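Visitor: What follows is a structure written as structure tokens; I'll ask about it next.
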Amino acid sequence: MKMATLLKDLFPPYASLSGWSRRRTDRCILGFCLLGSVIVGITVLALANIAITELADPVHLFEVATSSEVVGSILLTFGAGLNAVLLLILFGTPLAYVLARSQPSRKKEMVESIIDIPLILPHTVAGLLVYLLFMRRGWLGAPLSDVGLAFEDAYPGTVVAMLFVASPFYINTMREGFEKVPVHLENVARTLGATRLQTFWKVTLPLSFRHMYNGSILAWGRAIGEFAAVIMIAYYPFIVSTLIYYSFTTDGIRTSRSIAFTVIIVSFAVFLVLRRLTRYVGRYDDRV
Amino acid sequence: MLQITGLAKTLGSFSLKGVNLSIEDGEYFIVLGPTGAGKTILLETIAGIHTPDTGSISMNGIEISRMDPKERGVGMVYQDYMLFPHLTVGENIGFGLKQRSIDPAAVREQVRDVAEMLGIGHLLERSPETLSGGEQQRAAIARALIIKPRILLLDEPLSALDVTTRERLRRELATIHRMMKTTIIHITHHFEDLFALADRVAIMQDGTVVQVGTPEEIFQTPATEFVASFTGMENVFHGRARIRDGEARIELGPISLRTVAEIEGDVYVGIRPEEVIVSREPFESSAVNTFQGSVTEIRQNGMFSRIVVDAGGVPFVCALTRQSIRRLGLAEGEAVYLTFKASAVHAFPR
């Protein structure tokens, strides 16, 4: 449906198929469409390819998809992603607010660059950084393992790796949301008797809630898709990426393909629901 | 009384550099100045949004410059209304009372009262975005008034409105001030606001206050080029307008001016210096205002020189070229006649 509206925008009705010969087509736009369709084409082909092969053997697909190994791994991945996002909301939201409200300065630029570091690093490097910091003898890993929190080949390791690579997505989206809320609105609230925290809670956050939601979805998507950074610190327990890689290298193509297809279906479904919910979430964002 | 002493604050490219002001209780105080003069920072620093770098602000002798905004008892109204878009008009107005954990029924009652006073009682359930500019600004004023502020800060409250709405709301501001006797500090770009509202005016430029006085004082002896060019009228006098036998006159104490404006009551009168003709002898013409006076001052500046003529105790500023001054042989103490048309006398109701 999106594609149809897109085409309608580019070629107004009188220029579309029926009037093709009567009116000169915009060659530039046509060329752009052809070039762009390579990208869309690859995705569509890849999905069609796996779907057709997998649906040809539904029994095997069902067997793999319902196996406790796969179900457990999907739940683990989604759960760890959610855990990372919750931590991001807790620690990233205040940071995003401070950045949105501070005057441009060398210091602010530096902090913003630090936040973006996970974006530019190869994922293995990101994973190595996390590993070195959180391993049993790492700067943070050592004191935390003393209180019983182990990261190597453990769930907290998965979460912390996901948190690291997903953080820029959440923080940057949230910051944009806060920047959109006029600071004068906060000033008014404060003169009316609200403290800074009350102002944040009652004025700023309700007006940027959709950014929080969208940032969370982005970060969650990034988190559950992570592979390299996670295996550096937590090869076990298997998140779906690791499971697929493991099954690809041990069982071969057939099983790993079925797991992959299951993950595609589940991810699609979840993202579709989450995107749908956007309509009902943060409807006040449009008013600022 | 609000006493501001040596107030300095730098925020990005804007700054206040040593502002001194004292504002009496119940005064309607207008702050005027070109863009970038630091007027908004001044208001926000009084409100407690910014902490001053140096200097002090005291209210009735109590230092407030380090106090949290919520403790200062100030109300703030911005040019672009700044109603909370996620709350209804009623919830917006009641916001301040709700913060004070006042009983919801009492809040509703007070919201209704202040909304009725501002003529928006029928809009309480609506969302702010569905209101016209004038209605939104009324709601913003109501929201600030409901907390009974000791000082009401207005940052160009009428600038975003169309001319008709602006005039109506200006009259309402005057009424509100008369009724509530709240101290008001009002930033503006419109000289009509000065005439209609101000008890006193402060002129700000480059982060400092360059002049404070009544509107008359400010215009008669403008300290900066900005003020002089602000209205183009340096002859600003306070008077009483009356219509007698179909003739509109404005009494300025010793002398009375003929005008074409058909208004009565308290007014400010403005006359452009270029519209006053200076002559050695009285002459017959269609211009109905002629007064005798004597030159008290000649100021050379630019292409036109300003000469001040005292006519029956009223100092008129006239703009003449240097050649004219030489031709008429004008000097301080010389007797001259001033002539101007009734249509050159602009009257602004108070």
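In the structure tokens, chains take letters A, B, ... by order of appearance, with residues numbered from 1 within each chain and ligands from 1 in the order shown.
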Could you please select, counting only C-alpha atoms, the residues of chain B within 9 Å of chain A and state them as a count of residues only?
Guide: 31
Visitor: So that I can see what lies close to region 190-200 of chain B, please list as a CSV table (one decimal) with N, CA and C atoms, in the first residue's frame the residues with an atom at most 7 Å from it, counting only C-alpha atoms and leaving out residues fewer than 6 positions away in the same chain.
Guide:
```csv
chain,number,residue,atom,x,y,z
B,27,GLU,N,3.0,48.8,40.5
B,27,GLU,CA,3.3,49.6,39.3
B,27,GLU,C,3.1,48.8,38.0
B,28,TYR,N,2.8,49.4,36.9
B,28,TYR,CA,2.8,48.8,35.6
B,28,TYR,C,4.1,49.3,34.9
B,29,PHE,N,5.0,48.4,34.8
B,29,PHE,CA,6.4,48.8,34.4
B,29,PHE,C,6.6,48.1,33.1
B,30,ILE,N,7.0,49.0,32.1
B,30,ILE,CA,7.2,48.4,30.7
B,30,ILE,C,8.7,48.5,30.4
B,174,ALA,N,-5.1,46.5,31.1
B,174,ALA,CA,-5.2,47.8,31.9
B,174,ALA,C,-6.3,47.5,33.0
B,213,GLY,N,11.9,56.1,33.2
B,213,GLY,CA,11.1,57.3,33.4
B,213,GLY,C,9.6,57.0,33.0
B,214,THR,N,8.8,58.1,33.1
B,214,THR,CA,7.5,58.0,32.7
B,214,THR,C,7.5,58.0,31.1
B,215,PRO,N,6.5,57.6,30.5
B,215,PRO,CA,6.5,57.7,29.0
B,215,PRO,C,6.8,59.1,28.5
B,231,THR,N,9.0,55.8,18.1
B,231,THR,CA,7.7,56.3,17.6
B,231,THR,C,7.9,57.4,16.6
B,268,TYR,N,-2.3,60.4,25.9
B,268,TYR,CA,-1.0,60.9,25.5
B,268,TYR,C,-1.0,61.5,24.2
B,348,PHE,N,-3.3,59.3,21.9
B,348,PHE,CA,-3.4,57.9,22.3
B,348,PHE,C,-4.1,57.8,23.7
B,349,PRO,N,-5.2,57.0,23.7
B,349,PRO,CA,-6.0,57.0,25.0
B,349,PRO,C,-5.2,56.3,26.1
B,350,ARG,N,-5.3,56.7,27.3
B,350,ARG,CA,-4.7,56.1,28.4
B,350,ARG,C,-5.6,55.0,29.0
```
Visitor: Using DSSP assignments from the backbone, pull out every residue in region 197-309 of chain B that falls under strand (DSSP E) and give it to me as a PDB file with C-alpha atoms, in the first residue's frame.
Guide:
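New file result_15.pdb:
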```
ATOM      1  CA  ARG B 200       7.015  53.894  34.067  1.00  0.00           C
ATOM      2  CA  VAL B 201       9.275  52.637  31.313  1.00  0.00           C
ATOM      3  CA  ALA B 202      12.808  51.242  31.228  1.00  0.00           C
ATOM      4  CA  ILE B 203      14.793  51.337  28.023  1.00  0.00           C
ATOM      5  CA  MET B 204      17.254  48.482  27.608  1.00  0.00           C
ATOM      6  CA  GLN B 205      20.105  48.292  25.167  1.00  0.00           C
ATOM      7  CA  THR B 208      21.882  47.380  30.330  1.00  0.00           C
ATOM      8  CA  VAL B 209      19.133  49.777  31.323  1.00  0.00           C
ATOM      9  CA  VAL B 210      19.915  53.088  29.667  1.00  0.00           C
ATOM     10  CA  GLN B 211      16.900  55.086  30.801  1.00  0.00           C
ATOM     11  CA  VAL B 212      13.988  54.878  33.237  1.00  0.00           C
ATOM     12  CA  GLY B 213      11.075  57.273  33.432  1.00  0.00           C
ATOM     13  CA  ASN B 235       6.866  65.595  21.577  1.00  0.00           C
ATOM     14  CA  VAL B 236       4.944  63.366  23.920  1.00  0.00           C
ATOM     15  CA  PHE B 237       2.722  65.033  26.494  1.00  0.00           C
ATOM     16  CA  HIS B 238       0.158  63.841  28.959  1.00  0.00           C
ATOM     17  CA  GLY B 239      -3.181  65.666  28.730  1.00  0.00           C
ATOM     18  CA  ARG B 240      -6.950  65.579  28.861  1.00  0.00           C
ATOM     19  CA  ALA B 241      -8.950  65.396  25.660  1.00  0.00           C
ATOM     20  CA  ARG B 242     -12.434  66.866  25.415  1.00  0.00           C
ATOM     21  CA  ILE B 243     -14.856  67.673  22.672  1.00  0.00           C
ATOM     22  CA  ARG B 244     -16.620  70.999  23.030  1.00  0.00           C
ATOM     23  CA  GLU B 247     -14.168  70.834  18.404  1.00  0.00           C
ATOM     24  CA  ALA B 248     -11.670  68.280  19.732  1.00  0.00           C
ATOM     25  CA  ARG B 249      -9.153  69.841  22.093  1.00  0.00           C
ATOM     26  CA  ILE B 250      -6.451  68.496  24.323  1.00  0.00           C
ATOM     27  CA  GLU B 251      -5.585  70.450  27.444  1.00  0.00           C
ATOM     28  CA  LEU B 252      -1.902  70.368  28.317  1.00  0.00           C
ATOM     29  CA  ILE B 255      -1.958  75.506  26.548  1.00  0.00           C
ATOM     30  CA  SER B 256      -4.533  73.535  24.616  1.00  0.00           C
ATOM     31  CA  LEU B 257      -4.074  71.808  21.259  1.00  0.00           C
ATOM     32  CA  ARG B 258      -6.601  71.351  18.482  1.00  0.00           C
ATOM     33  CA  GLY B 265     -10.420  61.577  28.653  1.00  0.00           C
ATOM     34  CA  ASP B 266      -6.856  60.838  29.682  1.00  0.00           C
ATOM     35  CA  VAL B 267      -4.537  60.774  26.666  1.00  0.00           C
ATOM     36  CA  TYR B 268      -0.960  60.897  25.535  1.00  0.00           C
ATOM     37  CA  VAL B 269      -0.304  63.328  22.701  1.00  0.00           C
ATOM     38  CA  GLY B 270       2.445  62.798  20.165  1.00  0.00           C
ATOM     39  CA  ILE B 271       3.721  65.275  17.579  1.00  0.00           C
ATOM     40  CA  ILE B 277       6.931  74.863  11.674  1.00  0.00           C
ATOM     41  CA  VAL B 278       9.115  77.482  13.345  1.00  0.00           C
ATOM     42  CA  SER B 279       8.713  81.140  12.300  1.00  0.00           C
ATOM     43  CA  ASN B 289      -2.286  75.380  16.251  1.00  0.00           C
ATOM     44  CA  THR B 290      -0.065  78.432  16.739  1.00  0.00           C
ATOM     45  CA  PHE B 291       1.847  79.224  19.927  1.00  0.00           C
ATOM     46  CA  GLN B 292       4.425  81.765  20.937  1.00  0.00           C
ATOM     47  CA  GLY B 293       7.499  80.582  22.776  1.00  0.00           C
ATOM     48  CA  SER B 294      11.203  80.977  23.224  1.00  0.00           C
ATOM     49  CA  VAL B 295      14.130  78.826  22.116  1.00  0.00           C
ATOM     50  CA  THR B 296      15.687  77.070  25.100  1.00  0.00           C
ATOM     51  CA  GLU B 297      18.112  74.723  23.398  1.00  0.00           C
ATOM     52  CA  ILE B 298      19.685  74.012  19.998  1.00  0.00           C
ATOM     53  CA  ARG B 299      21.143  70.559  19.467  1.00  0.00           C
ATOM     54  CA  GLN B 300      23.158  69.885  16.339  1.00  0.00           C
ATOM     55  CA  PHE B 304      18.501  67.936  11.084  1.00  0.00           C
ATOM     56  CA  SER B 305      19.110  69.944  14.197  1.00  0.00           C
ATOM     57  CA  ARG B 306      16.753  69.701  17.120  1.00  0.00           C
ATOM     58  CA  ILE B 307      15.633  72.934  18.671  1.00  0.00           C
ATOM     59  CA  VAL B 308      13.591  73.007  21.839  1.00  0.00           C
ATOM     60  CA  VAL B 309      10.997  75.760  22.179  1.00  0.00           C
TER      61      VAL B 309
END
```
Visitor: How far is it from CA of Ala166 (chain A) to CA of Gly225 (chain A), in Å with one decimal?
Guide: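 CA of Gly225 (chain A) lies 9.9 Å from CA of Ala166 (chain A).
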Visitor: What parts of region 94-292 of chain B does DSSP call helix (DSSP H, G or I)? I'd like the answer as an mmCIF file with N, CA and C atoms, in the first residue's frame.
Guide:
```
data_model
loop_
_atom_site.group_PDB
_atom_site.id
_atom_site.type_symbol
_atom_site.label_atom_id
_atom_site.label_comp_id
_atom_site.auth_asym_id
_atom_site.auth_seq_id
_atom_site.Cartn_x
_atom_site.Cartn_y
_atom_site.Cartn_z
ATOM 1 N N GLY B 94 -5.673 25.697 35.978
ATOM 2 C CA GLY B 94 -5.604 25.195 37.345
ATOM 3 C C GLY B 94 -4.257 24.606 37.738
ATOM 4 N N PHE B 95 -3.312 24.539 36.779
ATOM 5 C CA PHE B 95 -2.015 23.874 37.010
ATOM 6 C C PHE B 95 -1.330 24.353 38.287
ATOM 7 N N GLY B 96 -1.264 25.676 38.444
ATOM 8 C CA GLY B 96 -0.553 26.243 39.589
ATOM 9 C C GLY B 96 -1.193 25.884 40.916
ATOM 10 N N LEU B 97 -2.525 25.843 40.925
ATOM 11 C CA LEU B 97 -3.213 25.505 42.178
ATOM 12 C C LEU B 97 -3.050 24.031 42.492
ATOM 13 N N LYS B 98 -3.077 23.212 41.431
ATOM 14 C CA LYS B 98 -2.906 21.775 41.620
ATOM 15 C C LYS B 98 -1.528 21.479 42.224
ATOM 16 N N GLN B 99 -0.524 22.238 41.784
ATOM 17 C CA GLN B 99 0.820 22.079 42.347
ATOM 18 C C GLN B 99 0.818 22.353 43.845
ATOM 19 N N PRO B 104 -9.540 19.772 44.894
ATOM 20 C CA PRO B 104 -9.965 19.868 43.489
ATOM 21 C C PRO B 104 -11.219 20.713 43.266
ATOM 22 N N ALA B 105 -12.171 20.633 44.188
ATOM 23 C CA ALA B 105 -13.407 21.408 44.025
ATOM 24 C C ALA B 105 -13.088 22.909 44.085
ATOM 25 N N ALA B 106 -12.199 23.278 45.010
ATOM 26 C CA ALA B 106 -11.810 24.683 45.145
ATOM 27 C C ALA B 106 -11.051 25.144 43.902
ATOM 28 N N VAL B 107 -10.213 24.248 43.382
ATOM 29 C CA VAL B 107 -9.476 24.572 42.160
ATOM 30 C C VAL B 107 -10.460 24.872 41.036
ATOM 31 N N ARG B 108 -11.448 23.971 40.870
ATOM 32 C CA ARG B 108 -12.427 24.155 39.789
ATOM 33 C C ARG B 108 -13.133 25.504 39.910
ATOM 34 N N GLU B 109 -13.499 25.830 41.144
ATOM 35 C CA GLU B 109 -14.221 27.080 41.364
ATOM 36 C C GLU B 109 -13.362 28.294 40.994
ATOM 37 N N GLN B 110 -12.107 28.274 41.465
ATOM 38 C CA GLN B 110 -11.220 29.409 41.170
ATOM 39 C C GLN B 110 -10.910 29.504 39.681
ATOM 40 N N VAL B 111 -10.753 28.329 39.047
ATOM 41 C CA VAL B 111 -10.498 28.318 37.604
ATOM 42 C C VAL B 111 -11.674 28.980 36.879
ATOM 43 N N ARG B 112 -12.881 28.605 37.311
ATOM 44 C CA ARG B 112 -14.069 29.167 36.668
ATOM 45 C C ARG B 112 -14.105 30.688 36.858
ATOM 46 N N ASP B 113 -13.812 31.124 38.076
ATOM 47 C CA ASP B 113 -13.868 32.567 38.360
ATOM 48 C C ASP B 113 -12.900 33.357 37.476
ATOM 49 N N VAL B 114 -11.639 32.915 37.444
ATOM 50 C CA VAL B 114 -10.647 33.694 36.703
ATOM 51 C C VAL B 114 -10.913 33.591 35.200
ATOM 52 N N ALA B 115 -11.429 32.425 34.758
ATOM 53 C CA ALA B 115 -11.740 32.267 33.334
ATOM 54 C C ALA B 115 -12.903 33.172 32.941
ATOM 55 N N GLU B 116 -13.904 33.272 33.836
ATOM 56 C CA GLU B 116 -15.039 34.167 33.574
ATOM 57 C C GLU B 116 -14.548 35.604 33.453
ATOM 58 N N MET B 117 -13.647 35.974 34.362
ATOM 59 C CA MET B 117 -13.139 37.340 34.359
ATOM 60 C C MET B 117 -12.485 37.661 33.019
ATOM 61 N N GLY B 121 -14.664 31.501 30.004
ATOM 62 C CA GLY B 121 -15.330 30.504 30.849
ATOM 63 C C GLY B 121 -15.940 29.356 30.071
ATOM 64 N N HIS B 122 -16.292 29.608 28.812
ATOM 65 C CA HIS B 122 -16.942 28.567 28.018
ATOM 66 C C HIS B 122 -15.934 27.648 27.322
ATOM 67 N N LEU B 123 -14.634 27.890 27.513
ATOM 68 C CA LEU B 123 -13.622 27.140 26.758
ATOM 69 C C LEU B 123 -12.851 26.140 27.620
ATOM 70 N N PRO B 128 -6.065 23.418 24.074
ATOM 71 C CA PRO B 128 -5.540 24.741 23.711
ATOM 72 C C PRO B 128 -5.391 24.959 22.202
ATOM 73 N N GLU B 129 -5.031 23.886 21.465
ATOM 74 C CA GLU B 129 -4.768 24.064 20.040
ATOM 75 C C GLU B 129 -6.011 24.462 19.250
ATOM 76 N N THR B 130 -7.205 24.293 19.866
ATOM 77 C CA THR B 130 -8.422 24.638 19.141
ATOM 78 C C THR B 130 -8.830 26.097 19.384
ATOM 79 N N GLY B 133 -5.693 32.798 18.836
ATOM 80 C CA GLY B 133 -4.541 33.386 19.527
ATOM 81 C C GLY B 133 -4.949 34.195 20.747
ATOM 82 N N GLY B 134 -5.988 35.025 20.577
ATOM 83 C CA GLY B 134 -6.437 35.863 21.682
ATOM 84 C C GLY B 134 -6.945 35.043 22.852
ATOM 85 N N GLU B 135 -7.682 33.971 22.517
ATOM 86 C CA GLU B 135 -8.211 33.106 23.580
ATOM 87 C C GLU B 135 -7.079 32.386 24.299
ATOM 88 N N GLN B 136 -6.086 31.943 23.524
ATOM 89 C CA GLN B 136 -4.950 31.246 24.135
ATOM 90 C C GLN B 136 -4.204 32.172 25.087
ATOM 91 N N GLN B 137 -4.026 33.439 24.649
ATOM 92 C CA GLN B 137 -3.288 34.351 25.511
ATOM 93 C C GLN B 137 -4.102 34.689 26.766
ATOM 94 N N ARG B 138 -5.413 34.754 26.633
ATOM 95 C CA ARG B 138 -6.250 34.965 27.817
ATOM 96 C C ARG B 138 -6.083 33.807 28.795
ATOM 97 N N ALA B 139 -6.064 32.589 28.228
ATOM 98 C CA ALA B 139 -5.889 31.410 29.085
ATOM 99 C C ALA B 139 -4.529 31.473 29.789
ATOM 100 N N ALA B 140 -3.499 31.894 29.051
ATOM 101 C CA ALA B 140 -2.154 31.973 29.643
ATOM 102 C C ALA B 140 -2.125 33.017 30.759
ATOM 103 N N ILE B 141 -2.824 34.131 30.539
ATOM 104 C CA ILE B 141 -2.880 35.175 31.573
ATOM 105 C C ILE B 141 -3.654 34.664 32.793
ATOM 106 N N ALA B 142 -4.759 33.961 32.518
ATOM 107 C CA ALA B 142 -5.551 33.400 33.617
ATOM 108 C C ALA B 142 -4.714 32.422 34.430
ATOM 109 N N ARG B 143 -3.934 31.601 33.735
ATOM 110 C CA ARG B 143 -3.094 30.606 34.404
ATOM 111 C C ARG B 143 -2.066 31.266 35.327
ATOM 112 N N ALA B 144 -1.561 32.429 34.869
ATOM 113 C CA ALA B 144 -0.575 33.140 35.687
ATOM 114 C C ALA B 144 -1.249 33.865 36.849
ATOM 115 N N LEU B 145 -2.467 34.391 36.611
ATOM 116 C CA LEU B 145 -3.136 35.195 37.638
ATOM 117 C C LEU B 145 -3.689 34.361 38.785
ATOM 118 N N VAL B 163 -4.244 43.007 15.050
ATOM 119 C CA VAL B 163 -4.389 44.363 15.586
ATOM 120 C C VAL B 163 -5.631 44.524 16.471
ATOM 121 N N THR B 164 -6.762 44.020 16.010
ATOM 122 C CA THR B 164 -8.006 44.197 16.766
ATOM 123 C C THR B 164 -7.936 43.485 18.109
ATOM 124 N N THR B 165 -7.494 42.220 18.065
ATOM 125 C CA THR B 165 -7.387 41.443 19.299
ATOM 126 C C THR B 165 -6.388 42.092 20.250
ATOM 127 N N ARG B 166 -5.296 42.594 19.671
ATOM 128 C CA ARG B 166 -4.251 43.206 20.490
ATOM 129 C C ARG B 166 -4.831 44.390 21.261
ATOM 130 N N GLU B 167 -5.605 45.219 20.544
ATOM 131 C CA GLU B 167 -6.171 46.400 21.207
ATOM 132 C C GLU B 167 -7.134 46.011 22.319
ATOM 133 N N ARG B 168 -7.941 44.978 22.036
ATOM 134 C CA ARG B 168 -8.912 44.576 23.046
ATOM 135 C C ARG B 168 -8.210 44.025 24.284
ATOM 136 N N LEU B 169 -7.216 43.156 24.034
ATOM 137 C CA LEU B 169 -6.513 42.539 25.157
ATOM 138 C C LEU B 169 -5.706 43.586 25.938
ATOM 139 N N ARG B 170 -5.220 44.610 25.225
ATOM 140 C CA ARG B 170 -4.472 45.679 25.887
ATOM 141 C C ARG B 170 -5.382 46.394 26.883
ATOM 142 N N ARG B 171 -6.613 46.668 26.445
ATOM 143 C CA ARG B 171 -7.560 47.321 27.358
ATOM 144 C C ARG B 171 -7.844 46.421 28.550
ATOM 145 N N GLU B 172 -7.935 45.095 28.272
ATOM 146 C CA GLU B 172 -8.215 44.163 29.370
ATOM 147 C C GLU B 172 -7.060 44.101 30.359
ATOM 148 N N LEU B 173 -5.828 44.181 29.826
ATOM 149 C CA LEU B 173 -4.669 44.189 30.723
ATOM 150 C C LEU B 173 -4.737 45.395 31.663
ATOM 151 N N ALA B 174 -5.129 46.543 31.092
ATOM 152 C CA ALA B 174 -5.248 47.751 31.908
ATOM 153 C C ALA B 174 -6.294 47.539 33.006
ATOM 154 N N THR B 175 -7.417 46.895 32.629
ATOM 155 C CA THR B 175 -8.483 46.644 33.600
ATOM 156 C C THR B 175 -8.002 45.676 34.682
ATOM 157 N N ILE B 176 -7.349 44.601 34.248
ATOM 158 C CA ILE B 176 -6.843 43.603 35.201
ATOM 159 C C ILE B 176 -5.897 44.274 36.193
ATOM 160 N N HIS B 177 -5.019 45.134 35.668
ATOM 161 C CA HIS B 177 -4.056 45.795 36.532
ATOM 162 C C HIS B 177 -4.759 46.695 37.548
ATOM 163 N N ARG B 178 -5.790 47.374 37.079
ATOM 164 C CA ARG B 178 -6.539 48.262 37.963
ATOM 165 C C ARG B 178 -7.251 47.456 39.052
ATOM 166 N N MET B 179 -7.828 46.317 38.645
ATOM 167 C CA MET B 179 -8.601 45.518 39.592
ATOM 168 C C MET B 179 -7.720 44.779 40.585
ATOM 169 N N MET B 180 -6.653 44.123 40.066
ATOM 170 C CA MET B 180 -5.873 43.238 40.930
ATOM 171 C C MET B 180 -4.708 43.964 41.599
ATOM 172 N N PHE B 191 4.632 50.914 20.778
ATOM 173 C CA PHE B 191 4.597 52.114 21.600
ATOM 174 C C PHE B 191 3.203 52.410 22.128
ATOM 175 N N GLU B 192 2.176 51.813 21.484
ATOM 176 C CA GLU B 192 0.821 51.989 22.015
ATOM 177 C C GLU B 192 0.729 51.405 23.428
ATOM 178 N N ASP B 193 1.461 50.303 23.657
ATOM 179 C CA ASP B 193 1.445 49.681 24.986
ATOM 180 C C ASP B 193 1.940 50.663 26.044
ATOM 181 N N LEU B 194 2.999 51.391 25.672
ATOM 182 C CA LEU B 194 3.565 52.375 26.590
ATOM 183 C C LEU B 194 2.526 53.402 26.993
ATOM 184 N N PHE B 195 1.882 53.965 25.960
ATOM 185 C CA PHE B 195 0.921 55.033 26.215
ATOM 186 C C PHE B 195 -0.269 54.520 27.000
ATOM 187 N N ALA B 196 -0.739 53.328 26.632
ATOM 188 C CA ALA B 196 -1.978 52.837 27.228
ATOM 189 C C ALA B 196 -1.774 52.236 28.616
ATOM 190 N N LEU B 197 -0.578 51.697 28.884
ATOM 191 C CA LEU B 197 -0.436 50.884 30.088
ATOM 192 C C LEU B 197 0.587 51.381 31.101
ATOM 193 N N PRO B 215 6.463 57.599 30.453
ATOM 194 C CA PRO B 215 6.489 57.652 28.989
ATOM 195 C C PRO B 215 6.826 59.062 28.472
ATOM 196 N N GLU B 216 6.281 60.093 29.120
ATOM 197 C CA GLU B 216 6.580 61.466 28.685
ATOM 198 C C GLU B 216 8.070 61.771 28.746
ATOM 199 N N GLU B 217 8.653 61.458 29.910
ATOM 200 C CA GLU B 217 10.076 61.741 30.112
ATOM 201 C C GLU B 217 10.936 61.013 29.088
ATOM 202 N N ILE B 218 10.546 59.756 28.842
ATOM 203 C CA ILE B 218 11.333 58.935 27.915
ATOM 204 C C ILE B 218 11.331 59.546 26.513
ATOM 205 N N PHE B 219 10.179 60.008 26.082
ATOM 206 C CA PHE B 219 10.103 60.507 24.716
ATOM 207 C C PHE B 219 10.588 61.943 24.575
ATOM 208 N N GLN B 220 10.421 62.703 25.644
ATOM 209 C CA GLN B 220 10.865 64.096 25.539
ATOM 210 C C GLN B 220 12.379 64.204 25.555
ATOM 211 N N GLU B 225 19.130 56.644 20.396
ATOM 212 C CA GLU B 225 18.564 56.781 19.058
ATOM 213 C C GLU B 225 17.354 55.863 18.907
ATOM 214 N N PHE B 226 17.460 54.685 19.535
ATOM 215 C CA PHE B 226 16.380 53.707 19.409
ATOM 216 C C PHE B 226 15.049 54.282 19.882
ATOM 217 N N VAL B 227 15.065 54.958 21.025
ATOM 218 C CA VAL B 227 13.815 55.521 21.546
ATOM 219 C C VAL B 227 13.329 56.638 20.641
ATOM 220 N N ALA B 228 14.264 57.470 20.210
ATOM 221 C CA ALA B 228 13.873 58.596 19.368
ATOM 222 C C ALA B 228 13.207 58.108 18.096
ATOM 223 N N SER B 229 13.726 57.016 17.533
ATOM 224 C CA SER B 229 13.154 56.526 16.284
ATOM 225 C C SER B 229 11.999 55.558 16.525
ATOM 226 N N PHE B 230 11.784 55.213 17.786
ATOM 227 C CA PHE B 230 10.788 54.194 18.118
ATOM 228 C C PHE B 230 9.386 54.628 17.704
ATOM 229 N N THR B 231 9.022 55.832 18.058
ATOM 230 C CA THR B 231 7.714 56.327 17.629
ATOM 231 C C THR B 231 7.878 57.401 16.575
ATOM 232 N N PRO B 273 8.596 65.958 15.408
ATOM 233 C CA PRO B 273 9.352 67.226 15.347
ATOM 234 C C PRO B 273 9.346 67.842 13.949
ATOM 235 N N GLU B 274 9.266 66.996 12.912
ATOM 236 C CA GLU B 274 9.322 67.527 11.532
ATOM 237 C C GLU B 274 8.044 68.267 11.177
ATOM 238 N N GLU B 275 6.961 68.010 11.942
ATOM 239 C CA GLU B 275 5.675 68.600 11.586
ATOM 240 C C GLU B 275 5.432 69.953 12.247
#
```
Visitor: In Å, rounded to a single decimal, give me how far CA of Met233 (chain B) is from CA of Val260 (chain B).
Guide: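 A separation of 17.3 Å between them.
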Visitor: Write out as number ranges by chain which residues come within 10 Å of Ser256 (chain A) when counting only C-alpha atoms, dropping same-chain ones fewer than 2 positions away.
Guide: A: 64, 243-254, 258-262
Visitor: Kindly indicate which residue among B:Arg326, B:Arg272, B:Lys17, B:Lys9 lies nearest to His50 (chain B), using only C-alpha atoms for the distances.
Guide: B:Lys9
Visitor: Considering only C-alpha atoms, state which residue in the set B:Arg280, B:Ile4, B:Asp206, B:Leu328 is at the smallest distance from Leu21 (chain B).
Guide: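 Among the listed residues, the smallest separation from Leu21 (chain B) belongs to B:Ile4.
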